Amino acid sequence: MAFNVNAARAQRLEALGRAWEFEIDGETFSLPTELPRRVTRQLQALDDNDIDGLLQLLLGNAQYDRFAEKDLTIQDVNAILEAYGQETGLTVGEG
């Protein structure tokens with residue numbers, strides 16, 4: 001029997017949902033629980049220290065614009081990315 005990629009993906013999405021959410025100052029933001037290959041290629045093209053580029057790719061332009069208005073520290077961003085990685089199994093960048 002062949003491995004069914006669609007069934008495996010459906011199981012992962014059922015377990016995790018399509019998005020991982022976090023809240024800042026009463027506003028909710030969401031990151032994808034799975035990254036399309038095209039996004040990972042774009043992530044690879046970023047400089048290792050380009051946290052804003054990383055966040056813009058993951059959040060999308062509209063969410064990133066709202067996110068960028070927040071007065072966050074790099075420790076806040078690191079905490080978000082660490083929690084994201086722990087809950088989804090994705091590790092993206094370093095803060």
# chains A, B, ... in the order shown; residues from 1 in each chain; ligands from 1
$ select_by_dssp --residues "region 16-55 of chain A" --states "strand (DSSP E)" --output "PyMOL selection string"
chain A and resi 19-24+27-32
$ select_by_dssp --residues "chain A" --states "helix (DSSP H, G or I)" --output "PyMOL selection string"
chain A and resi 5-16+37-45+51-59+61-68+74-88
$ write_last_selection --atoms "N, CA and C atoms" --output "short mmCIF file (atom, residue, chain, number, x, y, z; two decimals), in the first residue's frame"
data_model
loop_
_atom_site.label_atom_id
_atom_site.label_comp_id
_atom_site.auth_asym_id
_atom_site.auth_seq_id
_atom_site.Cartn_x
_atom_site.Cartn_y
_atom_site.Cartn_z
N VAL A 5 -0.11 10.82 1.05
CA VAL A 5 0.32 12.13 1.54
C VAL A 5 -0.88 12.97 1.95
N ASN A 6 -1.95 12.94 1.17
CA ASN A 6 -3.13 13.74 1.49
C ASN A 6 -3.75 13.31 2.82
N ALA A 7 -3.81 12.02 3.08
CA ALA A 7 -4.36 11.53 4.34
C ALA A 7 -3.47 11.93 5.52
N ALA A 8 -2.16 11.84 5.33
CA ALA A 8 -1.23 12.22 6.39
C ALA A 8 -1.34 13.72 6.70
N ARG A 9 -1.44 14.52 5.65
CA ARG A 9 -1.59 15.96 5.83
C ARG A 9 -2.90 16.27 6.57
N ALA A 10 -3.96 15.61 6.17
CA ALA A 10 -5.26 15.81 6.82
C ALA A 10 -5.18 15.48 8.31
N GLN A 11 -4.47 14.42 8.66
CA GLN A 11 -4.31 14.05 10.07
C GLN A 11 -3.53 15.12 10.83
N ARG A 12 -2.46 15.62 10.22
CA ARG A 12 -1.66 16.66 10.89
C ARG A 12 -2.51 17.91 11.10
N LEU A 13 -3.24 18.32 10.05
CA LEU A 13 -4.04 19.53 10.15
C LEU A 13 -5.19 19.37 11.14
N GLU A 14 -5.72 18.16 11.23
CA GLU A 14 -6.77 17.91 12.21
C GLU A 14 -6.22 18.03 13.62
N ALA A 15 -5.00 17.56 13.81
CA ALA A 15 -4.39 17.60 15.14
C ALA A 15 -3.96 19.02 15.52
N LEU A 16 -3.40 19.76 14.57
CA LEU A 16 -2.84 21.08 14.87
C LEU A 16 -3.72 22.24 14.44
N ARG A 37 6.40 24.67 0.40
CA ARG A 37 7.81 24.63 -0.04
C ARG A 37 8.26 25.98 -0.58
N ARG A 38 7.38 26.72 -1.27
CA ARG A 38 7.80 28.01 -1.81
C ARG A 38 8.17 28.98 -0.69
N VAL A 39 7.47 28.89 0.44
CA VAL A 39 7.80 29.75 1.58
C VAL A 39 9.14 29.36 2.17
N THR A 40 9.42 28.07 2.26
CA THR A 40 10.71 27.65 2.80
C THR A 40 11.85 28.10 1.90
N ARG A 41 11.63 28.12 0.60
CA ARG A 41 12.67 28.65 -0.31
C ARG A 41 12.89 30.13 -0.05
N GLN A 42 11.81 30.87 0.17
CA GLN A 42 11.94 32.30 0.48
C GLN A 42 12.63 32.50 1.82
N LEU A 43 12.34 31.64 2.78
CA LEU A 43 12.99 31.73 4.09
C LEU A 43 14.50 31.49 3.97
N GLN A 44 14.87 30.53 3.13
CA GLN A 44 16.29 30.22 2.93
C GLN A 44 17.04 31.40 2.33
N ALA A 45 16.35 32.20 1.55
CA ALA A 45 16.99 33.35 0.91
C ALA A 45 17.23 34.50 1.88
N ILE A 51 14.96 39.05 11.12
CA ILE A 51 13.76 38.67 11.88
C ILE A 51 12.51 39.27 11.26
N ASP A 52 12.60 40.53 10.82
CA ASP A 52 11.44 41.17 10.21
C ASP A 52 11.04 40.47 8.92
N GLY A 53 12.00 40.08 8.11
CA GLY A 53 11.71 39.35 6.88
C GLY A 53 11.05 38.02 7.18
N LEU A 54 11.55 37.33 8.19
CA LEU A 54 10.98 36.06 8.62
C LEU A 54 9.52 36.24 9.05
N LEU A 55 9.29 37.22 9.90
CA LEU A 55 7.94 37.46 10.39
C LEU A 55 6.99 37.89 9.28
N GLN A 56 7.48 38.70 8.35
CA GLN A 56 6.63 39.14 7.25
C GLN A 56 6.22 37.96 6.36
N LEU A 57 7.14 37.06 6.11
CA LEU A 57 6.81 35.86 5.32
C LEU A 57 5.79 34.98 6.03
N LEU A 58 5.97 34.80 7.33
CA LEU A 58 5.09 33.91 8.08
C LEU A 58 3.72 34.52 8.34
N LEU A 59 3.70 35.81 8.64
CA LEU A 59 2.44 36.48 8.96
C LEU A 59 1.67 36.95 7.74
N ASN A 61 1.57 40.15 4.67
CA ASN A 61 1.71 41.60 4.76
C ASN A 61 0.72 42.28 5.69
N ALA A 62 -0.55 41.92 5.62
CA ALA A 62 -1.57 42.60 6.43
C ALA A 62 -1.32 42.37 7.93
N GLN A 63 -1.09 41.12 8.32
CA GLN A 63 -0.82 40.84 9.73
C GLN A 63 0.51 41.46 10.17
N TYR A 64 1.50 41.39 9.28
CA TYR A 64 2.81 41.93 9.65
C TYR A 64 2.71 43.43 9.92
N ASP A 65 1.95 44.15 9.13
CA ASP A 65 1.80 45.58 9.35
C ASP A 65 1.22 45.86 10.75
N ARG A 66 0.23 45.08 11.16
CA ARG A 66 -0.34 45.23 12.51
C ARG A 66 0.68 44.84 13.58
N PHE A 67 1.39 43.74 13.31
CA PHE A 67 2.40 43.23 14.25
C PHE A 67 3.52 44.25 14.45
N ALA A 68 3.95 44.87 13.36
CA ALA A 68 5.07 45.82 13.41
C ALA A 68 4.74 47.06 14.23
N ILE A 74 13.02 41.88 21.35
CA ILE A 74 13.50 40.68 20.67
C ILE A 74 13.21 39.44 21.53
N GLN A 75 13.18 39.62 22.85
CA GLN A 75 12.84 38.51 23.73
C GLN A 75 11.38 38.09 23.52
N ASP A 76 10.50 39.08 23.28
CA ASP A 76 9.11 38.76 22.98
C ASP A 76 9.01 37.93 21.71
N VAL A 77 9.73 38.36 20.68
CA VAL A 77 9.71 37.67 19.39
C VAL A 77 10.28 36.27 19.55
N ASN A 78 11.38 36.15 20.29
CA ASN A 78 11.97 34.83 20.53
C ASN A 78 10.98 33.91 21.24
N ALA A 79 10.24 34.45 22.22
CA ALA A 79 9.26 33.65 22.94
C ALA A 79 8.15 33.17 22.01
N ILE A 80 7.70 34.03 21.11
CA ILE A 80 6.67 33.66 20.14
C ILE A 80 7.18 32.53 19.25
N LEU A 81 8.38 32.71 18.68
CA LEU A 81 8.93 31.71 17.76
C LEU A 81 9.23 30.39 18.47
N GLU A 82 9.68 30.47 19.72
CA GLU A 82 9.95 29.24 20.47
C GLU A 82 8.66 28.48 20.75
N ALA A 83 7.62 29.19 21.19
CA ALA A 83 6.33 28.53 21.44
C ALA A 83 5.76 27.95 20.15
N TYR A 84 5.89 28.70 19.06
CA TYR A 84 5.44 28.24 17.74
C TYR A 84 6.13 26.93 17.38
N GLY A 85 7.44 26.89 17.54
CA GLY A 85 8.21 25.69 17.23
C GLY A 85 7.83 24.51 18.10
N GLN A 86 7.64 24.76 19.39
CA GLN A 86 7.29 23.67 20.29
C GLN A 86 5.93 23.10 19.98
N GLU A 87 4.97 23.95 19.62
CA GLU A 87 3.61 23.49 19.40
C GLU A 87 3.37 22.92 18.00
N THR A 88 4.15 23.35 17.02
CA THR A 88 3.93 22.88 15.65
C THR A 88 5.02 21.95 15.15
#
$ closest_residue --among "A:Glu23, A:Glu69, A:Asp50, A:Glu34" --to "Gly89 (chain A)" --atoms "only C-alpha atoms"
A:Glu34
$ closest_residue --among "A:Asp48, A:Lys70, A:Pro36, A:Leu90" --to "Trp20 (chain A)" --atoms "only C-alpha atoms"
A:Leu90
$ atom_distance --atom1 "CA of Arg18 (chain A)" --atom2 "CA of Ala2 (chain A)"
25.0 Å
$ closest_residue --among "A:Asn4, A:Asn49, A:Gly60, A:Asp71" --to "Ser30 (chain A)" --atoms "only C-alpha atoms"
A:Gly60
$ decode --residues "region 77-91 of chain A" --atoms "all heavy atoms" --output "CSV table (one decimal), in the first residue's frame"
chain,number,residue,atom,x,y,z
A,77,VAL,N,9.7,38.4,20.7
A,77,VAL,CA,9.7,37.7,19.4
A,77,VAL,C,10.3,36.3,19.6
A,77,VAL,O,9.7,35.3,19.0
A,77,VAL,CB,10.5,38.5,18.3
A,77,VAL,CG1,10.6,37.7,17.0
A,77,VAL,CG2,9.7,39.8,18.1
A,78,ASN,N,11.4,36.2,20.3
A,78,ASN,CA,12.0,34.8,20.5
A,78,ASN,C,11.0,33.9,21.2
A,78,ASN,O,10.9,32.7,20.9
A,78,ASN,CB,13.2,34.9,21.4
A,78,ASN,CG,14.4,35.3,20.5
A,78,ASN,OD1,14.5,35.1,19.3
A,78,ASN,ND2,15.4,35.9,21.2
A,79,ALA,N,10.2,34.5,22.2
A,79,ALA,CA,9.3,33.6,22.9
A,79,ALA,C,8.2,33.2,22.0
A,79,ALA,O,7.7,32.0,22.1
A,79,ALA,CB,8.7,34.4,24.1
A,80,ILE,N,7.7,34.0,21.1
A,80,ILE,CA,6.7,33.7,20.1
A,80,ILE,C,7.2,32.5,19.2
A,80,ILE,O,6.5,31.5,19.1
A,80,ILE,CB,6.2,34.9,19.3
A,80,ILE,CG1,5.5,35.9,20.1
A,80,ILE,CG2,5.4,34.4,18.1
A,80,ILE,CD1,5.3,37.2,19.5
A,81,LEU,N,8.4,32.7,18.7
A,81,LEU,CA,8.9,31.7,17.8
A,81,LEU,C,9.2,30.4,18.5
A,81,LEU,O,9.0,29.3,17.9
A,81,LEU,CB,10.2,32.3,17.1
A,81,LEU,CG,9.9,33.4,16.1
A,81,LEU,CD1,11.2,33.9,15.5
A,81,LEU,CD2,9.0,33.0,15.0
A,82,GLU,N,9.7,30.5,19.7
A,82,GLU,CA,10.0,29.2,20.5
A,82,GLU,C,8.7,28.5,20.7
A,82,GLU,O,8.6,27.3,20.6
A,82,GLU,CB,10.6,29.6,21.8
A,82,GLU,CG,11.1,28.4,22.6
A,82,GLU,CD,11.9,28.7,23.8
A,82,GLU,OE1,12.8,29.5,23.7
A,82,GLU,OE2,11.5,28.1,24.9
A,83,ALA,N,7.6,29.2,21.2
A,83,ALA,CA,6.3,28.5,21.4
A,83,ALA,C,5.8,27.9,20.2
A,83,ALA,O,5.2,26.8,20.1
A,83,ALA,CB,5.3,29.5,22.1
A,84,TYR,N,5.9,28.7,19.1
A,84,TYR,CA,5.4,28.2,17.7
A,84,TYR,C,6.1,26.9,17.4
A,84,TYR,O,5.5,26.0,17.0
A,84,TYR,CB,5.7,29.3,16.7
A,84,TYR,CG,5.4,29.0,15.3
A,84,TYR,CD1,4.1,28.7,14.9
A,84,TYR,CD2,6.4,29.2,14.3
A,84,TYR,CE1,3.9,28.4,13.5
A,84,TYR,CE2,6.1,28.9,13.0
A,84,TYR,CZ,4.9,28.6,12.6
A,84,TYR,OH,4.6,28.3,11.3
A,85,GLY,N,7.4,26.9,17.5
A,85,GLY,CA,8.2,25.7,17.2
A,85,GLY,C,7.8,24.5,18.1
A,85,GLY,O,7.7,23.4,17.6
A,86,GLN,N,7.6,24.8,19.4
A,86,GLN,CA,7.3,23.7,20.3
A,86,GLN,C,5.9,23.1,20.0
A,86,GLN,O,5.7,21.9,20.1
A,86,GLN,CB,7.3,24.2,21.7
A,86,GLN,CG,8.7,24.4,22.3
A,86,GLN,CD,8.7,25.0,23.7
A,86,GLN,OE1,7.7,25.3,24.2
A,86,GLN,NE2,9.9,25.1,24.2
A,87,GLU,N,5.0,23.9,19.6
A,87,GLU,CA,3.6,23.5,19.4
A,87,GLU,C,3.4,22.9,18.0
A,87,GLU,O,2.5,22.1,17.8
A,87,GLU,CB,2.6,24.6,19.7
A,87,GLU,CG,2.6,24.9,21.2
A,87,GLU,CD,1.4,25.8,21.6
A,87,GLU,OE1,0.4,25.7,21.0
A,87,GLU,OE2,1.6,26.6,22.5
A,88,THR,N,4.2,23.3,17.0
A,88,THR,CA,3.9,22.9,15.7
A,88,THR,C,5.0,21.9,15.1
A,88,THR,O,4.8,21.3,14.1
A,88,THR,CB,3.8,24.1,14.7
A,88,THR,OG1,5.1,24.7,14.6
A,88,THR,CG2,2.7,25.0,15.0
A,89,GLY,N,6.2,21.9,15.8
A,89,GLY,CA,7.3,21.1,15.4
A,89,GLY,C,8.1,21.9,14.3
A,89,GLY,O,9.1,21.3,13.8
A,90,LEU,N,7.8,23.1,14.0
A,90,LEU,CA,8.5,23.9,13.0
A,90,LEU,C,9.6,24.7,13.7
A,90,LEU,O,9.3,25.3,14.8
A,90,LEU,CB,7.6,24.8,12.2
A,90,LEU,CG,6.6,24.2,11.3
A,90,LEU,CD1,5.6,25.2,10.8
A,90,LEU,CD2,7.3,23.5,10.2
A,91,THR,N,10.8,24.8,13.2
A,91,THR,CA,11.8,25.7,13.8
A,91,THR,C,12.1,26.6,12.7
A,91,THR,O,12.5,26.2,11.6
A,91,THR,CB,13.0,24.9,14.3
A,91,THR,OG1,13.5,24.1,13.2
A,91,THR,CG2,12.7,24.0,15.4
